[in-house]
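Coordinates as given in coords_9.cif (mmCIF, C-alpha atoms):
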```cif
data_query
#
loop_
_atom_site.label_atom_id
_atom_site.label_comp_id
_atom_site.auth_asym_id
_atom_site.auth_seq_id
_atom_site.Cartn_x
_atom_site.Cartn_y
_atom_site.Cartn_z
CA MET A 219 -15.04 -17.29 -5.25
CA THR A 220 -12.22 -19.77 -4.84
CA VAL A 221 -9.22 -17.95 -3.39
CA PHE A 222 -6.03 -19.85 -2.63
CA ALA A 223 -4.65 -18.88 0.76
CA ALA A 224 -1.07 -19.37 1.83
CA VAL A 225 -0.66 -22.24 4.27
CA GLN A 226 1.76 -22.93 7.08
CA GLN A 227 3.92 -26.04 6.67
CA GLY A 228 7.05 -25.24 8.60
CA ASP A 229 7.85 -22.37 6.25
CA THR A 230 5.04 -20.24 4.84
CA VAL A 231 4.07 -21.26 1.32
CA LEU A 232 3.21 -18.36 -0.95
CA ALA A 233 -0.40 -18.10 -2.11
CA SER A 234 0.93 -18.02 -5.68
CA VAL A 235 2.67 -21.37 -5.17
CA GLU A 236 -0.52 -22.85 -3.75
CA ALA A 237 -2.44 -21.64 -6.80
CA ARG A 238 0.02 -23.33 -9.17
CA ARG A 239 -0.02 -26.54 -7.14
CA ALA A 240 -3.80 -26.61 -7.38
CA CYS A 241 -3.50 -26.35 -11.16
CA ARG A 242 -1.05 -29.25 -11.25
CA ASN A 243 -3.48 -31.36 -9.24
CA SER A 244 -6.47 -30.13 -11.28
CA SER A 245 -8.09 -29.13 -8.00
CA GLY A 246 -9.74 -25.93 -6.84
CA MET A 247 -10.21 -24.55 -10.36
CA ALA A 248 -12.25 -21.36 -10.28
CA PRO A 249 -14.18 -20.03 -13.30
CA THR A 250 -11.64 -17.21 -13.38
CA THR A 251 -8.31 -16.47 -11.71
CA ALA A 252 -9.39 -12.87 -11.00
CA GLY A 253 -9.02 -12.51 -7.25
CA VAL A 254 -6.90 -15.66 -6.90
CA ALA A 255 -3.67 -15.27 -4.88
CA ASN A 256 -4.31 -11.60 -4.25
CA GLY A 257 -1.20 -9.44 -4.46
CA PHE A 258 0.59 -11.64 -7.00
CA VAL A 259 1.07 -10.86 -10.68
CA GLN A 260 -0.83 -12.98 -13.18
CA GLY A 261 0.17 -13.41 -16.81
CA ASN A 262 -1.17 -14.21 -20.27
CA LEU A 263 0.60 -16.96 -22.25
CA ALA A 264 1.83 -17.25 -25.80
CA ILE A 265 3.91 -20.37 -26.53
CA LEU A 266 5.40 -20.53 -30.00
CA PRO A 267 7.99 -22.47 -32.04
CA GLU A 268 11.47 -20.91 -31.92
CA LYS A 269 11.33 -19.99 -35.62
CA LEU A 270 8.45 -17.58 -34.83
CA ALA A 271 9.72 -16.31 -31.47
CA GLY A 272 11.81 -13.47 -32.93
CA ALA A 273 8.91 -12.06 -34.93
CA PHE A 274 6.58 -12.35 -31.96
CA HIS A 275 9.09 -10.64 -29.66
CA ARG A 276 9.20 -7.78 -32.15
CA PHE A 277 5.40 -7.74 -32.28
CA CYS A 278 5.32 -7.27 -28.51
CA GLN A 279 7.86 -4.46 -28.72
CA LEU A 280 5.74 -2.71 -31.34
CA ASN A 281 2.53 -3.21 -29.33
CA PRO A 282 3.47 -2.72 -25.66
CA LYS A 283 -0.05 -1.80 -24.49
CA PRO A 284 -1.68 -5.18 -25.25
CA CYS A 285 1.53 -7.27 -25.14
CA PRO A 286 3.84 -6.18 -22.28
CA ILE A 287 6.39 -8.96 -21.76
CA ILE A 288 7.02 -9.79 -18.09
CA GLY A 289 8.78 -13.11 -18.64
CA MET A 290 10.27 -15.31 -21.35
CA SER A 291 11.70 -18.83 -21.35
CA ASP A 292 14.76 -20.30 -22.97
CA VAL A 293 14.07 -22.52 -25.98
CA GLY A 294 12.53 -25.83 -24.90
CA ASP A 295 12.62 -24.92 -21.21
CA PRO A 296 9.25 -25.12 -19.43
CA ARG A 297 10.58 -23.13 -16.47
CA ILE A 298 10.89 -19.38 -16.00
CA PRO A 299 12.74 -18.91 -12.68
CA SER A 300 12.30 -15.13 -12.70
CA LEU A 301 8.54 -15.69 -12.31
CA GLY A 302 8.65 -18.60 -9.86
CA LEU A 303 11.38 -21.05 -8.88
CA ASP A 304 9.05 -24.07 -8.99
CA LEU A 305 7.02 -22.86 -11.98
CA ASP A 306 6.33 -25.37 -14.76
CA ILE A 307 4.56 -23.76 -17.71
CA ARG A 308 3.26 -27.16 -18.86
CA THR A 309 1.06 -27.73 -15.79
CA ASP A 310 0.63 -24.49 -13.87
CA VAL A 311 -2.23 -22.80 -15.77
CA PRO A 312 -5.85 -23.84 -15.05
CA ARG A 313 -6.67 -24.36 -18.73
CA TYR A 314 -4.78 -23.96 -22.01
CA ARG A 315 -5.67 -23.53 -25.64
CA VAL A 316 -3.83 -25.52 -28.30
CA TRP A 317 -4.03 -23.83 -31.71
CA ARG A 318 -3.62 -25.51 -35.10
CA ASP A 319 -3.90 -23.51 -38.31
CA GLY A 320 -5.46 -20.63 -36.41
CA GLU A 321 -8.20 -22.72 -34.80
CA VAL A 322 -8.55 -23.96 -31.22
CA ALA A 323 -7.93 -27.71 -31.44
CA ASP A 324 -7.93 -28.57 -27.73
CA GLU A 325 -8.37 -26.95 -24.30
CA PRO A 326 -6.47 -29.24 -21.92
CA THR A 327 -5.62 -28.69 -18.25
CA ASP A 328 -1.95 -29.45 -18.98
CA ILE A 329 0.20 -29.46 -22.11
CA MET A 330 2.61 -32.29 -21.29
CA ASN A 331 1.54 -34.17 -24.43
CA TYR A 332 2.01 -31.07 -26.60
CA TRP A 333 5.35 -29.88 -25.28
CA ARG A 334 8.26 -29.72 -27.75
CA ASP A 335 11.95 -28.92 -27.50
CA ASP A 336 11.62 -25.97 -29.88
CA LEU A 337 8.98 -24.03 -27.92
CA VAL A 338 9.49 -20.58 -26.41
CA THR A 339 7.12 -19.22 -23.77
CA PHE A 340 6.18 -15.56 -23.50
CA VAL A 341 4.35 -14.33 -20.40
CA LEU A 342 2.53 -11.04 -20.88
CA GLY A 343 1.24 -8.67 -18.23
CA CYS A 344 -2.40 -9.00 -17.17
CA SER A 345 -4.91 -6.37 -16.09
CA TYR A 346 -5.76 -8.47 -13.04
CA SER A 347 -2.64 -6.92 -11.51
CA PHE A 348 -3.96 -3.37 -11.54
CA GLU A 349 -7.35 -4.54 -10.28
CA GLU A 350 -5.82 -4.91 -6.84
CA ALA A 351 -5.00 -1.19 -6.84
CA LEU A 352 -8.50 -0.32 -8.07
CA LEU A 353 -10.10 -2.36 -5.29
CA GLU A 354 -7.82 -0.83 -2.66
CA ASP A 355 -9.09 2.58 -3.77
CA GLY A 356 -12.68 1.45 -3.30
CA LEU A 357 -13.56 1.09 -6.98
CA PRO A 358 -15.94 -1.82 -7.70
CA ILE A 359 -14.92 -4.50 -10.22
CA ARG A 360 -18.11 -5.97 -11.66
CA HIS A 361 -16.75 -9.31 -12.90
CA ILE A 362 -15.03 -9.97 -9.55
CA GLU A 363 -18.23 -9.15 -7.67
CA ARG A 364 -20.07 -11.71 -9.78
CA ASN A 365 -17.28 -14.31 -9.99
CA LEU A 366 -17.15 -14.06 -13.77
CA ARG A 367 -14.39 -13.75 -16.34
CA VAL A 368 -13.71 -10.20 -17.44
CA PRO A 369 -15.47 -9.41 -20.75
CA MET A 370 -13.06 -9.04 -23.69
CA TYR A 371 -13.69 -7.80 -27.21
CA ARG A 372 -11.94 -7.73 -30.58
CA THR A 373 -11.76 -4.15 -31.83
CA ASN A 374 -11.03 -2.23 -35.02
CA ILE A 375 -7.77 -0.96 -33.48
CA ALA A 376 -5.03 -2.43 -35.67
CA CYS A 377 -1.83 -3.71 -34.05
CA SER A 378 1.52 -2.89 -35.65
CA PRO A 379 2.50 -6.01 -37.64
CA SER A 380 5.64 -8.11 -37.35
CA GLY A 381 6.16 -11.05 -39.68
CA PRO A 382 3.02 -13.20 -39.64
CA PHE A 383 1.71 -11.44 -36.54
CA ALA A 384 -0.93 -8.85 -37.41
CA GLY A 385 -4.51 -8.21 -36.47
CA PRO A 386 -6.86 -6.34 -34.18
CA MET A 387 -6.25 -5.38 -30.57
CA VAL A 388 -8.37 -7.12 -27.95
CA VAL A 389 -9.62 -5.04 -25.02
CA SER A 390 -11.04 -5.88 -21.61
CA MET A 391 -13.94 -3.87 -20.19
CA ARG A 392 -14.93 -2.69 -16.73
CA PRO A 393 -17.92 -0.40 -16.17
CA PHE A 394 -17.56 2.63 -13.89
CA LYS A 395 -19.44 5.76 -12.99
CA PRO A 396 -17.75 8.74 -14.71
CA ALA A 397 -15.97 9.99 -11.59
CA ASP A 398 -14.70 6.49 -10.83
CA ALA A 399 -13.60 6.09 -14.46
CA ILE A 400 -11.39 9.17 -14.09
CA ARG A 401 -9.88 7.71 -10.95
CA ALA A 402 -9.36 4.37 -12.70
CA VAL A 403 -7.37 6.13 -15.44
CA GLN A 404 -5.16 7.75 -12.80
CA ILE A 405 -4.56 4.50 -10.92
CA THR A 406 -3.88 2.23 -13.89
CA SER A 407 -1.51 4.74 -15.49
CA ARG A 408 0.93 3.70 -12.75
CA PHE A 409 1.10 0.14 -14.16
CA PRO A 410 2.47 0.30 -17.74
CA SER A 411 3.83 -3.26 -17.56
CA VAL A 412 0.28 -4.59 -17.12
CA HIS A 413 -1.46 -2.54 -19.85
CA GLY A 414 -1.44 0.84 -18.09
CA ALA A 415 -4.14 3.43 -18.76
CA PRO A 416 -7.29 2.61 -20.76
CA VAL A 417 -7.24 2.86 -24.55
CA HIS A 418 -10.89 3.96 -24.81
CA LEU A 419 -13.80 5.18 -22.67
CA GLY A 420 -17.47 4.93 -23.64
CA HIS A 421 -18.99 4.51 -27.13
CA PRO A 422 -18.08 0.84 -27.81
CA HIS A 423 -19.09 1.17 -31.48
CA ALA A 424 -16.28 3.69 -32.02
CA ILE A 425 -13.73 0.87 -31.61
CA GLY A 426 -15.73 -1.71 -33.55
CA ILE A 427 -17.70 -3.36 -30.73
CA LYS A 428 -21.22 -3.95 -32.04
CA ASP A 429 -22.83 -5.34 -28.88
CA ILE A 430 -21.35 -4.75 -25.43
CA ALA A 431 -23.52 -7.62 -24.13
CA LYS A 432 -21.76 -10.13 -26.40
CA PRO A 433 -18.03 -10.27 -25.62
CA ASP A 434 -15.74 -12.28 -27.88
CA TYR A 435 -14.03 -13.78 -24.82
CA GLY A 436 -15.00 -13.97 -21.16
CA ASP A 437 -18.46 -13.27 -19.75
CA PRO A 438 -20.87 -10.36 -20.21
CA VAL A 439 -21.41 -8.00 -17.28
CA PRO A 440 -24.14 -5.35 -16.99
CA VAL A 441 -23.39 -1.67 -17.54
CA ALA A 442 -25.78 0.50 -15.52
CA ASP A 443 -27.41 3.60 -16.97
CA ASP A 444 -25.17 5.85 -14.85
CA GLU A 445 -21.97 4.02 -15.88
CA ILE A 446 -19.67 4.08 -18.88
CA PRO A 447 -17.65 1.14 -20.24
CA VAL A 448 -13.90 1.59 -19.83
CA PHE A 449 -11.62 -0.42 -22.12
CA TRP A 450 -8.04 -1.53 -21.48
CA ALA A 451 -5.65 -3.20 -23.93
CA CYS A 452 -5.71 -6.93 -23.24
CA GLY A 453 -3.15 -9.73 -23.28
CA VAL A 454 -5.59 -11.96 -25.15
CA THR A 455 -4.61 -9.96 -28.25
CA PRO A 456 -2.08 -12.68 -29.33
CA GLN A 457 -4.96 -15.16 -29.56
CA SER A 458 -6.75 -12.90 -32.02
CA VAL A 459 -3.50 -12.51 -33.95
CA ILE A 460 -2.78 -16.27 -33.94
CA ALA A 461 -6.24 -16.85 -35.40
CA SER A 462 -5.73 -14.17 -38.06
CA ALA A 463 -2.28 -15.53 -39.01
CA LYS A 464 -3.55 -19.13 -39.06
CA LEU A 465 -0.36 -20.29 -37.38
CA PRO A 466 0.24 -24.04 -37.78
CA PHE A 467 0.86 -24.51 -34.05
CA ALA A 468 0.72 -22.38 -30.90
CA ILE A 469 -0.38 -22.66 -27.28
CA THR A 470 -2.02 -19.99 -25.12
CA HIS A 471 -3.95 -19.82 -21.87
CA SER A 472 -7.73 -19.99 -21.93
CA PRO A 473 -9.03 -16.42 -21.57
CA GLY A 474 -9.63 -15.47 -17.93
CA LEU A 475 -7.56 -18.40 -16.61
CA MET A 476 -4.07 -17.04 -16.11
CA LEU A 477 -0.62 -18.06 -14.93
CA VAL A 478 -0.08 -16.95 -11.31
CA THR A 479 3.52 -15.84 -10.72
CA ASP A 480 5.52 -15.03 -7.59
CA LEU A 481 5.98 -11.39 -8.62
CA LYS A 482 4.16 -8.83 -6.48
CA ASN A 483 1.66 -6.44 -8.08
CA LYS A 484 2.99 -3.52 -6.05
CA ALA A 485 6.45 -4.04 -7.52
CA LEU A 486 5.09 -3.16 -10.97
CA ALA A 487 3.90 0.33 -10.00
CA VAL A 488 6.07 3.09 -11.47
CA LEU A 489 4.84 5.83 -9.11
#
```
The structure in this file should be written as structure tokens.
Amino acid sequence: MTVFAAVQQGDTVLASVEARRACRNSSGMAPTTAGVANGFVQGNLAILPEKLAGAFHRFCQLNPKPCPIIGMSDVGDPRIPSLGLDLDIRTDVPRYRVWRDGEVADEPTDIMNYWRDDLVTFVLGCSYSFEEALLEDGLPIRHIERNLRVPMYRTNIACSPSGPFAGPMVVSMRPFKPADAIRAVQITSRFPSVHGAPVHLGHPHAIGIKDIAKPDYGDPVPVADDEIPVFWACGVTPQSVIASAKLPFAITHSPGLMLVTDLKNKALAVL
């Protein structure tokens, strides 16, 4: 796995800064940012025209499990200093998705050509943050072990609507043995700003997932006979909603390839 390490150049450069610089240079891109710049918060993106920002902000307030806001830009400003002083949202994500009329029109490595003065950026918490705590407790994370993107699924769990934003919740899945699943619930409950406790355990069909081996986003991972799938609300939910609403224009990250911020994962724990 590609992991960006902090380097020494007079002053120590944060691993998170190195990760963003690699994105700007289109170098060192891993198939997933899971495990990149360990210890630093990663975020999902939703970039929308100002006229839709109010309705989306309300959507996030109504649906805090899949859409916990950890950062937001001023209108037309590609920078979010609270998440990183040098951060430029136009270049600092490994891959983006440009949406037109609810369809993915492009997946560029920067959005300089798509940036507009009326855009507002929302950064939403990511489950990669609580994975650090799971690993520290000795719990295995299958997609990290295999250098894959976490599997994500559209469900039959309806989000509370706001304006044009309505649709199903997306969940991410990690398989655990039952005892480890209980521990995972306890650990992730401490991180409400990055999705918190799971929304479902076992029985994928009960939340509308027909085939656990065929995720809607990310990569499939095996679930052993002595394991159960554990599902967390996922920050890819806005992409499902954007598709359902057929928005004329929006920008998101490509699933599994997140924005790395300078916030520390440990700072998000409530206990």
Exercise for review: Determine, counting all atoms listed in the file, which protein, DNA and RNA residues have an atom within 6 Å of an atom of range 312-318 of chain A; residues of the same chain fewer than 3 positions away are not included. Present the result as an MDAnalysis selection string.
Suggested key: chainID A and resid 241 321:327 466:472 475
Would you save the residues of that selection, restricted to C-alpha atoms, as a PDB file, keeping the file's coordinate frame?
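Result written to selection-v2.pdb:
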```
ATOM      1  CA  CYS A 241      -3.500 -26.350 -11.160  1.00  0.00           C
ATOM      2  CA  GLU A 321      -8.200 -22.720 -34.800  1.00  0.00           C
ATOM      3  CA  VAL A 322      -8.550 -23.960 -31.220  1.00  0.00           C
ATOM      4  CA  ALA A 323      -7.930 -27.710 -31.440  1.00  0.00           C
ATOM      5  CA  ASP A 324      -7.930 -28.570 -27.730  1.00  0.00           C
ATOM      6  CA  GLU A 325      -8.370 -26.950 -24.300  1.00  0.00           C
ATOM      7  CA  PRO A 326      -6.470 -29.240 -21.920  1.00  0.00           C
ATOM      8  CA  THR A 327      -5.620 -28.690 -18.250  1.00  0.00           C
ATOM      9  CA  PRO A 466       0.240 -24.040 -37.780  1.00  0.00           C
ATOM     10  CA  PHE A 467       0.860 -24.510 -34.050  1.00  0.00           C
ATOM     11  CA  ALA A 468       0.720 -22.380 -30.900  1.00  0.00           C
ATOM     12  CA  ILE A 469      -0.380 -22.660 -27.280  1.00  0.00           C
ATOM     13  CA  THR A 470      -2.020 -19.990 -25.120  1.00  0.00           C
ATOM     14  CA  HIS A 471      -3.950 -19.820 -21.870  1.00  0.00           C
ATOM     15  CA  SER A 472      -7.730 -19.990 -21.930  1.00  0.00           C
ATOM     16  CA  LEU A 475      -7.560 -18.400 -16.610  1.00  0.00           C
TER      17      LEU A 475
END
```
Check your understanding: Which residue, A:Ala376, A:Leu280, A:Val478, A:Ile359, has the smallest gap to Val448 in chain A when you use only C-alpha atoms?
Key ->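 Ranking A:Ala376, A:Leu280, A:Val478, A:Ile359 by distance to Val448 in chain A, first place goes to A:Ile359.
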Take the PyMOL selection byres ((chain A and resi 347) around 7), apply it to the structure above, and return the hits as a CSV table (one decimal) with C-alpha atoms, keeping the file's coordinate frame.
```csv
chain,number,residue,atom,x,y,z
A,259,VAL,CA,1.1,-10.9,-10.7
A,260,GLN,CA,-0.8,-13.0,-13.2
A,344,CYS,CA,-2.4,-9.0,-17.2
A,345,SER,CA,-4.9,-6.4,-16.1
A,346,TYR,CA,-5.8,-8.5,-13.0
A,348,PHE,CA,-4.0,-3.4,-11.5
A,349,GLU,CA,-7.4,-4.5,-10.3
A,350,GLU,CA,-5.8,-4.9,-6.8
A,412,VAL,CA,0.3,-4.6,-17.1
A,483,ASN,CA,1.7,-6.4,-8.1
```
Exercise for review: Name all residues at most 12 Å from Asp443 in chain A (count all atoms listed in the file; drop same-chain ones fewer than 3 positions away) and give them as a PyMOL selection string.
Suggested key: chain A and resi 393-396+440+446-447
**Study point:** Explicit residue set for the PyMOL selection byres ((chain A and resi 307-311) around 10), as an MDAnalysis selection string
**Key:** chainID A and resid 235 237:244 247 251 261:263 265 291 295:298 304:306 312:314 326:333 339 341 470:472 475:479
Once you have the residues from the selection above, write them out as a PDB file, in the frame of the given file, restricted to C-alpha atoms.
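This is the output file result-v2.pdb:
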```pdb
ATOM      1  CA  VAL A 235       2.670 -21.370  -5.170  1.00  0.00           C
ATOM      2  CA  ALA A 237      -2.440 -21.640  -6.800  1.00  0.00           C
ATOM      3  CA  ARG A 238       0.020 -23.330  -9.170  1.00  0.00           C
ATOM      4  CA  ARG A 239      -0.020 -26.540  -7.140  1.00  0.00           C
ATOM      5  CA  ALA A 240      -3.800 -26.610  -7.380  1.00  0.00           C
ATOM      6  CA  CYS A 241      -3.500 -26.350 -11.160  1.00  0.00           C
ATOM      7  CA  ARG A 242      -1.050 -29.250 -11.250  1.00  0.00           C
ATOM      8  CA  ASN A 243      -3.480 -31.360  -9.240  1.00  0.00           C
ATOM      9  CA  SER A 244      -6.470 -30.130 -11.280  1.00  0.00           C
ATOM     10  CA  MET A 247     -10.210 -24.550 -10.360  1.00  0.00           C
ATOM     11  CA  THR A 251      -8.310 -16.470 -11.710  1.00  0.00           C
ATOM     12  CA  GLY A 261       0.170 -13.410 -16.810  1.00  0.00           C
ATOM     13  CA  ASN A 262      -1.170 -14.210 -20.270  1.00  0.00           C
ATOM     14  CA  LEU A 263       0.600 -16.960 -22.250  1.00  0.00           C
ATOM     15  CA  ILE A 265       3.910 -20.370 -26.530  1.00  0.00           C
ATOM     16  CA  SER A 291      11.700 -18.830 -21.350  1.00  0.00           C
ATOM     17  CA  ASP A 295      12.620 -24.920 -21.210  1.00  0.00           C
ATOM     18  CA  PRO A 296       9.250 -25.120 -19.430  1.00  0.00           C
ATOM     19  CA  ARG A 297      10.580 -23.130 -16.470  1.00  0.00           C
ATOM     20  CA  ILE A 298      10.890 -19.380 -16.000  1.00  0.00           C
ATOM     21  CA  ASP A 304       9.050 -24.070  -8.990  1.00  0.00           C
ATOM     22  CA  LEU A 305       7.020 -22.860 -11.980  1.00  0.00           C
ATOM     23  CA  ASP A 306       6.330 -25.370 -14.760  1.00  0.00           C
ATOM     24  CA  PRO A 312      -5.850 -23.840 -15.050  1.00  0.00           C
ATOM     25  CA  ARG A 313      -6.670 -24.360 -18.730  1.00  0.00           C
ATOM     26  CA  TYR A 314      -4.780 -23.960 -22.010  1.00  0.00           C
ATOM     27  CA  PRO A 326      -6.470 -29.240 -21.920  1.00  0.00           C
ATOM     28  CA  THR A 327      -5.620 -28.690 -18.250  1.00  0.00           C
ATOM     29  CA  ASP A 328      -1.950 -29.450 -18.980  1.00  0.00           C
ATOM     30  CA  ILE A 329       0.200 -29.460 -22.110  1.00  0.00           C
ATOM     31  CA  MET A 330       2.610 -32.290 -21.290  1.00  0.00           C
ATOM     32  CA  ASN A 331       1.540 -34.170 -24.430  1.00  0.00           C
ATOM     33  CA  TYR A 332       2.010 -31.070 -26.600  1.00  0.00           C
ATOM     34  CA  TRP A 333       5.350 -29.880 -25.280  1.00  0.00           C
ATOM     35  CA  THR A 339       7.120 -19.220 -23.770  1.00  0.00           C
ATOM     36  CA  VAL A 341       4.350 -14.330 -20.400  1.00  0.00           C
ATOM     37  CA  THR A 470      -2.020 -19.990 -25.120  1.00  0.00           C
ATOM     38  CA  HIS A 471      -3.950 -19.820 -21.870  1.00  0.00           C
ATOM     39  CA  SER A 472      -7.730 -19.990 -21.930  1.00  0.00           C
ATOM     40  CA  LEU A 475      -7.560 -18.400 -16.610  1.00  0.00           C
ATOM     41  CA  MET A 476      -4.070 -17.040 -16.110  1.00  0.00           C
ATOM     42  CA  LEU A 477      -0.620 -18.060 -14.930  1.00  0.00           C
ATOM     43  CA  VAL A 478      -0.080 -16.950 -11.310  1.00  0.00           C
ATOM     44  CA  THR A 479       3.520 -15.840 -10.720  1.00  0.00           C
TER      45      THR A 479
END
```
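CA of Thr250 in chain A to CA of Gly474 in chain A spans 5.3 Å [interatomic distance, one decimal].
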**Study point:** Long-range neighbours of Asn374 in chain A as a PyMOL selection string, 12 Å cut-off, only C-alpha atoms, 4 positions minimum in chain
**Key:** chain A and resi 385-389+418+422-428+458
Check your understanding: Is there a way to get, as a PyMOL selection string, all residues within 12 Å of the point (-21.2, -8.5, -26.8) in file coordinates, counting all atoms listed in the file?
Key -> chain A and resi 369-373+390-391+422-423+426-441
Review point. Which of these residues is nearest to Asp444 in chain A, using all atoms listed in the file: A:Asp398, A:Gly414, A:Ile287, A:Gln404?
Key: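 Closest residue, counting all atoms listed in the file: A:Asp398.
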